[in-house]
Each structure stands twice: as C-alpha cells, then as structure tokens.
$ cat target.cif   # mmCIF, C-alpha atoms
data_coords
loop_
_atom_site.label_atom_id
_atom_site.label_comp_id
_atom_site.auth_asym_id
_atom_site.auth_seq_id
_atom_site.Cartn_x
_atom_site.Cartn_y
_atom_site.Cartn_z
CA GLU C 1 -3.51 5.59 -18.81
CA ASP C 2 -1.93 6.29 -15.44
CA GLN C 3 0.64 3.68 -14.47
CA VAL C 4 3.60 2.99 -12.23
CA THR C 5 6.46 0.64 -13.12
CA GLN C 6 9.16 -0.45 -10.70
CA SER C 7 12.51 -1.95 -11.65
CA PRO C 8 14.20 -4.25 -11.14
CA GLU C 9 11.72 -6.86 -9.89
CA ALA C 10 14.38 -8.23 -7.57
CA LEU C 11 17.84 -7.07 -6.52
CA ARG C 12 20.44 -9.04 -4.61
CA LEU C 13 23.30 -7.10 -3.01
CA GLN C 14 26.14 -7.85 -0.67
CA GLU C 15 26.09 -6.06 2.66
CA GLY C 16 27.64 -2.62 2.13
CA GLU C 17 27.04 -2.58 -1.64
CA SER C 18 25.12 0.58 -2.51
CA SER C 19 22.50 0.65 -5.28
CA SER C 20 19.25 2.26 -6.45
CA LEU C 21 15.69 1.16 -7.07
CA ASN C 22 13.63 2.82 -9.80
CA CYS C 23 9.98 3.88 -9.95
CA SER C 24 8.80 5.24 -13.31
CA TYR C 25 5.39 6.84 -13.50
CA THR C 26 2.94 8.19 -16.05
CA VAL C 27 0.13 10.22 -14.51
CA SER C 28 -1.93 13.23 -15.46
CA GLY C 29 -0.32 15.61 -13.01
CA LEU C 30 1.41 14.41 -9.87
CA ARG C 31 0.05 15.26 -6.47
CA GLY C 32 2.45 13.01 -4.55
CA LEU C 33 4.76 9.99 -4.87
CA PHE C 34 5.00 7.58 -1.95
CA TRP C 35 7.56 4.96 -0.96
CA TYR C 36 6.66 2.08 1.33
CA ARG C 37 8.59 -0.87 2.75
CA GLN C 38 6.91 -4.27 3.08
CA ASP C 39 8.36 -7.13 5.12
CA PRO C 40 7.20 -10.72 4.41
CA GLY C 41 3.79 -11.42 5.93
CA LYS C 42 3.25 -7.79 6.96
CA GLY C 43 1.50 -4.71 5.68
CA PRO C 44 3.31 -1.90 3.86
CA GLU C 45 5.08 0.61 6.12
CA PHE C 46 5.18 4.26 5.07
CA LEU C 47 8.66 5.70 4.31
CA PHE C 48 8.46 8.94 2.32
CA THR C 49 6.27 11.31 0.35
CA LEU C 50 7.75 13.40 -2.48
CA TYR C 51 5.78 16.22 -4.05
CA SER C 52 7.80 17.92 -6.77
CA ALA C 53 10.74 17.33 -9.10
CA GLY C 54 14.06 17.95 -7.42
CA GLU C 55 12.81 17.04 -3.96
CA GLU C 56 14.86 14.62 -1.85
CA LYS C 57 14.16 12.90 1.48
CA GLU C 58 16.40 10.75 3.66
CA LYS C 59 15.92 8.20 6.39
CA GLU C 60 18.90 6.30 7.76
CA ARG C 61 20.49 4.49 4.75
CA LEU C 62 17.66 5.41 2.37
CA LYS C 63 17.36 8.49 0.18
CA ALA C 64 14.44 9.09 -2.19
CA THR C 65 14.66 11.50 -5.12
CA LEU C 66 12.10 12.66 -7.67
CA THR C 67 12.17 13.84 -11.29
CA LYS C 68 9.27 14.58 -13.63
CA LYS C 69 9.20 10.98 -14.86
CA GLU C 70 10.68 8.81 -12.13
CA SER C 71 11.79 8.40 -8.57
CA PHE C 72 14.84 6.63 -7.23
CA LEU C 73 15.30 5.02 -3.86
CA HIS C 74 19.01 5.02 -3.15
CA ILE C 75 20.29 2.66 -0.52
CA THR C 76 23.74 3.35 0.86
CA ALA C 77 25.86 0.65 2.54
CA PRO C 78 22.84 -1.61 3.12
CA LYS C 79 22.56 -4.09 5.96
CA PRO C 80 20.70 -7.43 5.97
CA GLU C 81 17.85 -5.81 7.91
CA ASP C 82 17.17 -3.60 4.89
CA SER C 83 15.97 -6.69 3.03
CA ALA C 84 12.30 -6.17 2.13
CA THR C 85 10.03 -5.36 -0.79
CA TYR C 86 9.93 -1.65 -1.57
CA LEU C 87 6.70 -0.32 -3.04
CA CYS C 88 6.12 2.90 -4.93
CA ALA C 89 2.72 4.59 -5.38
CA VAL C 90 1.53 7.83 -6.95
CA GLN C 91 -1.47 10.05 -6.40
CA ALA C 92 -2.56 11.71 -9.63
CA GLY C 93 -3.58 15.34 -9.72
CA ASP C 94 -7.23 14.52 -10.44
CA SER C 95 -7.54 11.91 -7.67
CA ASN C 96 -8.45 12.74 -4.10
CA TYR C 97 -7.99 9.33 -2.58
CA GLN C 98 -6.84 6.66 -5.00
CA LEU C 99 -3.20 5.65 -5.29
CA ILE C 100 -1.70 3.82 -8.27
CA TRP C 101 0.75 1.20 -7.04
CA GLY C 102 3.79 -0.39 -8.60
CA ALA C 103 4.43 -4.13 -8.20
CA GLY C 104 7.46 -3.56 -5.99
CA THR C 105 11.16 -4.38 -5.94
CA LYS C 106 12.28 -7.24 -3.71
CA LEU C 107 15.62 -6.30 -2.16
CA ILE C 108 17.83 -9.00 -0.64
CA ILE C 109 20.97 -8.02 1.25
CA LYS C 110 23.38 -10.88 1.89
CA PRO C 111 25.78 -10.70 4.87
CA ASN G 1 -1.82 3.02 19.77
CA ALA G 2 -2.43 -0.35 18.14
CA GLY G 3 -2.75 1.36 14.74
CA VAL G 4 -4.71 -0.69 12.19
CA THR G 5 -5.70 -4.20 13.26
CA GLN G 6 -7.19 -6.94 11.08
CA THR G 7 -8.77 -10.29 11.86
CA PRO G 8 -8.42 -13.09 11.00
CA LYS G 9 -4.79 -13.46 9.89
CA PHE G 10 -5.53 -16.54 7.79
CA ARG G 11 -8.70 -18.14 6.46
CA ILE G 12 -9.59 -20.95 4.08
CA LEU G 13 -13.03 -20.78 2.47
CA LYS G 14 -14.87 -23.20 0.26
CA ILE G 15 -16.35 -21.91 -3.00
CA GLY G 16 -19.70 -20.26 -2.34
CA GLN G 17 -19.11 -19.57 1.36
CA SER G 18 -19.25 -16.04 2.79
CA MET G 19 -17.17 -14.26 5.38
CA THR G 20 -16.38 -10.87 6.86
CA LEU G 21 -12.86 -9.49 7.21
CA GLN G 22 -12.63 -7.18 10.20
CA CYS G 23 -10.63 -3.94 10.30
CA THR G 24 -10.29 -1.48 13.20
CA GLN G 25 -8.14 1.61 13.62
CA ASP G 26 -7.54 3.66 16.74
CA MET G 27 -5.94 6.74 15.16
CA ASN G 28 -9.23 8.59 14.60
CA HIS G 29 -8.60 8.67 10.84
CA ASN G 30 -11.59 9.52 8.71
CA TYR G 31 -10.31 7.77 5.60
CA MET G 32 -10.15 3.99 5.36
CA TYR G 33 -9.39 1.58 2.50
CA TRP G 34 -9.48 -2.07 1.52
CA TYR G 35 -6.87 -3.44 -0.87
CA ARG G 36 -6.01 -6.82 -2.27
CA GLN G 37 -2.46 -7.84 -3.11
CA ASP G 38 -1.74 -10.60 -5.61
CA PRO G 39 1.75 -11.96 -6.40
CA GLY G 40 3.63 -9.77 -8.87
CA MET G 41 0.88 -7.15 -8.94
CA GLY G 42 0.48 -3.77 -7.35
CA LEU G 43 -2.06 -3.22 -4.60
CA LYS G 44 -5.59 -2.92 -5.99
CA LEU G 45 -8.20 -0.76 -4.24
CA ILE G 46 -11.45 -2.59 -3.53
CA TYR G 47 -13.47 -0.03 -1.56
CA TYR G 48 -12.76 3.12 0.40
CA SER G 49 -14.55 5.32 2.91
CA VAL G 50 -14.13 9.01 3.70
CA GLY G 51 -16.07 8.84 6.95
CA ALA G 52 -18.76 7.00 8.89
CA GLY G 53 -21.71 6.24 6.63
CA ILE G 54 -19.84 7.08 3.41
CA THR G 55 -18.31 4.40 1.18
CA ASP G 56 -17.40 4.16 -2.48
CA LYS G 57 -16.10 1.63 -4.99
CA GLY G 58 -12.46 1.37 -5.91
CA GLU G 59 -10.84 -0.36 -8.84
CA VAL G 60 -11.97 -3.98 -8.17
CA PRO G 61 -15.24 -3.96 -6.11
CA ASN G 62 -17.06 -6.91 -7.70
CA GLY G 63 -17.79 -9.72 -5.23
CA TYR G 64 -17.27 -7.52 -2.16
CA ASN G 65 -19.32 -5.23 0.06
CA VAL G 66 -18.43 -2.82 2.84
CA SER G 67 -20.10 -0.77 5.55
CA ARG G 68 -18.84 2.00 7.82
CA SER G 69 -21.03 2.61 10.84
CA THR G 70 -18.25 4.04 13.05
CA THR G 71 -15.00 5.94 12.50
CA GLU G 72 -13.02 2.99 13.88
CA ASP G 73 -14.42 0.00 11.97
CA PHE G 74 -14.51 -0.84 8.27
CA PRO G 75 -15.47 -4.49 7.65
CA LEU G 76 -15.21 -6.13 4.22
CA ARG G 77 -17.81 -8.72 3.30
CA LEU G 78 -17.20 -11.49 0.75
CA GLU G 79 -20.37 -13.07 -0.59
CA LEU G 80 -20.25 -16.34 -2.54
CA ALA G 81 -16.48 -16.77 -2.42
CA ALA G 82 -14.72 -17.67 -5.68
CA PRO G 83 -11.15 -18.94 -6.32
CA SER G 84 -10.37 -15.56 -7.96
CA GLN G 85 -10.74 -13.99 -4.52
CA THR G 86 -7.73 -15.91 -3.20
CA SER G 87 -5.41 -13.09 -2.18
CA VAL G 88 -3.94 -11.13 0.69
CA TYR G 89 -6.25 -8.38 1.90
CA PHE G 90 -5.00 -5.20 3.54
CA CYS G 91 -6.94 -2.55 5.36
CA ALA G 92 -5.47 0.94 5.62
CA SER G 93 -6.38 4.27 7.13
CA SER G 94 -5.08 7.75 6.43
CA TYR G 95 -5.24 11.37 7.38
CA PRO G 96 -5.04 14.24 4.91
CA ILE G 97 -1.99 16.43 4.41
CA VAL G 98 -4.30 19.36 3.83
CA GLN G 99 -1.80 21.79 2.37
CA ARG G 100 -0.69 19.18 -0.17
CA GLY G 101 -3.97 17.43 -0.94
CA THR G 102 -2.33 14.06 -0.27
CA TYR G 103 -2.86 11.24 2.19
CA GLU G 104 -0.33 9.09 4.03
CA GLN G 105 -1.78 5.62 4.41
CA TYR G 106 -1.11 3.28 7.32
CA PHE G 107 -1.70 -0.42 6.83
CA GLY G 108 -2.81 -3.35 8.93
CA PRO G 109 -0.96 -6.70 8.95
CA GLY G 110 -3.23 -8.31 6.35
CA THR G 111 -5.53 -11.33 6.01
CA ARG G 112 -4.36 -14.22 3.82
CA LEU G 113 -7.46 -15.78 2.22
CA THR G 114 -7.57 -18.99 0.22
CA VAL G 115 -10.73 -20.06 -1.62
CA THR G 116 -10.81 -23.73 -2.72
#

$ encode --input "target.cif" --output "structure tokens"
Amino acid sequence: EDQVTQSPEALRLQEGESSSLNCSYTVSGLRGLFWYRQDPGKGPEFLFTLYSAGEEKEKERLKATLTKKESFLHITAPKPEDSATYLCAVQAGDSNYQLIWGAGTKLIIKP
Amino acid sequence: NAGVTQTPKFRILKIGQSMTLQCTQDMNHNYMYWYRQDPGMGLKLIYYSVGAGITDKGEVPNGYNVSRSTTEDFPLRLELAAPSQTSVYFCASSYPIVQRGTYEQYFGPGTRLTVT
C-alpha cells in the first residue's frame, strides 16, 4: 500500500538552531514528491517538487533533498517566521492526479 | 490574481442539514480538487475534476457531491450533514508539468465546518 510518513510530529527549535524534517514514502514508482508549508488557519502553500533521487532544491533557509526512500527538509538558521506545519505529498507512478499526503510536521521556532 | 477563493470561511450545521461550499479560481487551471483535513491526518481527496463537465471520485466521496459547469467554479455539496463531516475543507487547482507528468497544486484558504 502506498503511504507517506512524516517525522517528527512536532519539533521545537531555538532561533538559529538548524535541523531537518523527514518524509518517508512507499509508493509503486515515484513521479514526484512535493513539500508544502501550512500556516494556522490557511491553506497549504507550495514550496518544492522533487523528481528523482539525488535532486536538491533550495528556497531561502530551506533545502529539500530526495533519496529512493525518503526526503529531508533541512532548515538552516531558522527564524520565528519559519514556524508552520510542513506537509509532504507524493504522486505515484501509476497516478495521474492523486497525491498521497503525510500528516505533517509542526515546526515551532522560539526567539 | 486572487488565486483560489473559498466561501464561507466558517459554518456550523445541524445534523441532516445540507449546504454548498463554494470554490472559484482565476488561474485558468483545468484541474480542481476538494480535500478534507482532519487533525493528525493527511489531506484526503474527496472529488476532483480535470475540466468543465468532468468529475470523478477521490478517496472519501461518500456524503458529498460536486459539479463543474465552468473552468472557474467547483462547488462541493454536502447532503444530510453528519458529525463525521466535521472537518476543514480545502479546494485546490493545478496545472500540469507536462514533461514530468506531475501537477503543482494551489490551495484556497479553507472552510471550517462543524456539524452538531
């Protein structure tokens, strides 16, 4: 069965303390892996798409990486405004439209 | 561009009542989706549409109906509301990354629905 698991469920960091969020996936072929950011009371906001193992993408303090089994979202020297829930989703090779979503990691950055 | 807009933002329904959640996008995307998000769970796909007049069931369609008469609008209808439908509902639209066979989805702000 295709599934996506994110860990940890919640992560509290001090401002400037770098860390990583994990997204493990099991799918029958990977067409794409997506990272989204969700602020409280708002809809998910698209961050990155990764397509193949070894690929990396960066945006400000965030860098996403991909292996054949998991993706990491590295956050470097985070600021309080980086606090949000980060969602991971995958599109399987045999799916044209449907994404399989993880439950998310709630990131809290304390000043 | 307003992107994806949803109304209402909040709604409380009594068991057995019906309502329509509205969704509009101004990005001329052919693909549109309805999701529900429950605490501690991943987003679940309710229905999706690949263009005007074409809709299909997602993972959790029971208790819901949709229609797509225009490219812009994709309303979600709840008939005979039940407490299990208490959730946050998100509408999304996407365009295809043709060379990759993937879709980047853009979400509305959500509707928080409580059924009591």

$ resolve_selection --input "target.cif" --expression "the PyMOL selection byres ((chain C) within 10 of (chain G))" --output "short mmCIF file (atom, residue, chain, number, x, y, z; two decimals) with C-alpha atoms, in the coordinates of the input"
data_model
loop_
_atom_site.label_atom_id
_atom_site.label_comp_id
_atom_site.auth_asym_id
_atom_site.auth_seq_id
_atom_site.Cartn_x
_atom_site.Cartn_y
_atom_site.Cartn_z
CA VAL C 4 3.60 2.99 -12.23
CA THR C 5 6.46 0.64 -13.12
CA GLN C 6 9.16 -0.45 -10.70
CA GLU C 9 11.72 -6.86 -9.89
CA ARG C 31 0.05 15.26 -6.47
CA GLY C 32 2.45 13.01 -4.55
CA LEU C 33 4.76 9.99 -4.87
CA PHE C 34 5.00 7.58 -1.95
CA TYR C 36 6.66 2.08 1.33
CA GLY C 41 3.79 -11.42 5.93
CA LYS C 42 3.25 -7.79 6.96
CA GLY C 43 1.50 -4.71 5.68
CA PRO C 44 3.31 -1.90 3.86
CA GLU C 45 5.08 0.61 6.12
CA PHE C 46 5.18 4.26 5.07
CA LEU C 47 8.66 5.70 4.31
CA PHE C 48 8.46 8.94 2.32
CA THR C 49 6.27 11.31 0.35
CA TYR C 51 5.78 16.22 -4.05
CA LEU C 87 6.70 -0.32 -3.04
CA CYS C 88 6.12 2.90 -4.93
CA ALA C 89 2.72 4.59 -5.38
CA VAL C 90 1.53 7.83 -6.95
CA GLN C 91 -1.47 10.05 -6.40
CA ALA C 92 -2.56 11.71 -9.63
CA GLY C 93 -3.58 15.34 -9.72
CA SER C 95 -7.54 11.91 -7.67
CA ASN C 96 -8.45 12.74 -4.10
CA TYR C 97 -7.99 9.33 -2.58
CA GLN C 98 -6.84 6.66 -5.00
CA LEU C 99 -3.20 5.65 -5.29
CA ILE C 100 -1.70 3.82 -8.27
CA TRP C 101 0.75 1.20 -7.04
CA GLY C 102 3.79 -0.39 -8.60
CA ALA C 103 4.43 -4.13 -8.20
CA GLY C 104 7.46 -3.56 -5.99
CA THR C 105 11.16 -4.38 -5.94
#

$ residues_around --input "target.cif" --residues "Gln17 of chain G" --least-positions-apart "2" --cutoff "12 Å" --atoms "all atoms listed in the file" --output "list in words"
Arg11, Ile12, Leu13, Lys14, Ile15, Met19, Thr20, Gly63, Arg77, Leu78, Glu79, Leu80, Ala81, Ala82, Pro83, Gln85, Thr114, Val115 and Thr116 of chain G

$ resolve_selection --input "target.cif" --expression "the PyMOL selection byres ((chain G and resi 26) around 9)" --output "JSON, numbers by chain"
{"G": [1, 2, 3, 4, 5, 24, 25, 27, 28, 29, 71, 72]}

$ resolve_selection --input "target.cif" --expression "the PyMOL selection byres ((chain C and resi 21) around 8)" --output "JSON, numbers by chain"
{"C": [6, 7, 8, 19, 20, 22, 23, 72, 73, 74, 105]}

$ atom_distance --input "target.cif" --atom1 "atom CA of Gln22 of chain G" --atom2 "atom CA of Asn65 of chain G"
12.3 Å

$ atom_distance --input "target.cif" --atom1 "atom CA of Thr86 of chain G" --atom2 "atom CA of Leu107 of chain C"
25.3 Å

$ atom_distance --input "target.cif" --atom1 "atom CA of Tyr35 of chain G" --atom2 "atom CA of Tyr47 of chain G"
7.5 Å

$ residues_around --input "target.cif" --residues "Ser83 of chain C" --least-positions-apart "2" --cutoff "10 Å" --atoms "all atoms listed in the file" --output "PyMOL selection string"
chain C and resi 11-13+37-40+78-81+85-86+106-110

$ write_last_selection --input "target.cif" --atoms "C-alpha atoms" --output "short mmCIF file (atom, residue, chain, number, x, y, z; two decimals), in the coordinates of the input"
data_model
loop_
_atom_site.label_atom_id
_atom_site.label_comp_id
_atom_site.auth_asym_id
_atom_site.auth_seq_id
_atom_site.Cartn_x
_atom_site.Cartn_y
_atom_site.Cartn_z
CA LEU C 11 17.84 -7.07 -6.52
CA ARG C 12 20.44 -9.04 -4.61
CA LEU C 13 23.30 -7.10 -3.01
CA ARG C 37 8.59 -0.87 2.75
CA GLN C 38 6.91 -4.27 3.08
CA ASP C 39 8.36 -7.13 5.12
CA PRO C 40 7.20 -10.72 4.41
CA PRO C 78 22.84 -1.61 3.12
CA LYS C 79 22.56 -4.09 5.96
CA PRO C 80 20.70 -7.43 5.97
CA GLU C 81 17.85 -5.81 7.91
CA THR C 85 10.03 -5.36 -0.79
CA TYR C 86 9.93 -1.65 -1.57
CA LYS C 106 12.28 -7.24 -3.71
CA LEU C 107 15.62 -6.30 -2.16
CA ILE C 108 17.83 -9.00 -0.64
CA ILE C 109 20.97 -8.02 1.25
CA LYS C 110 23.38 -10.88 1.89
#
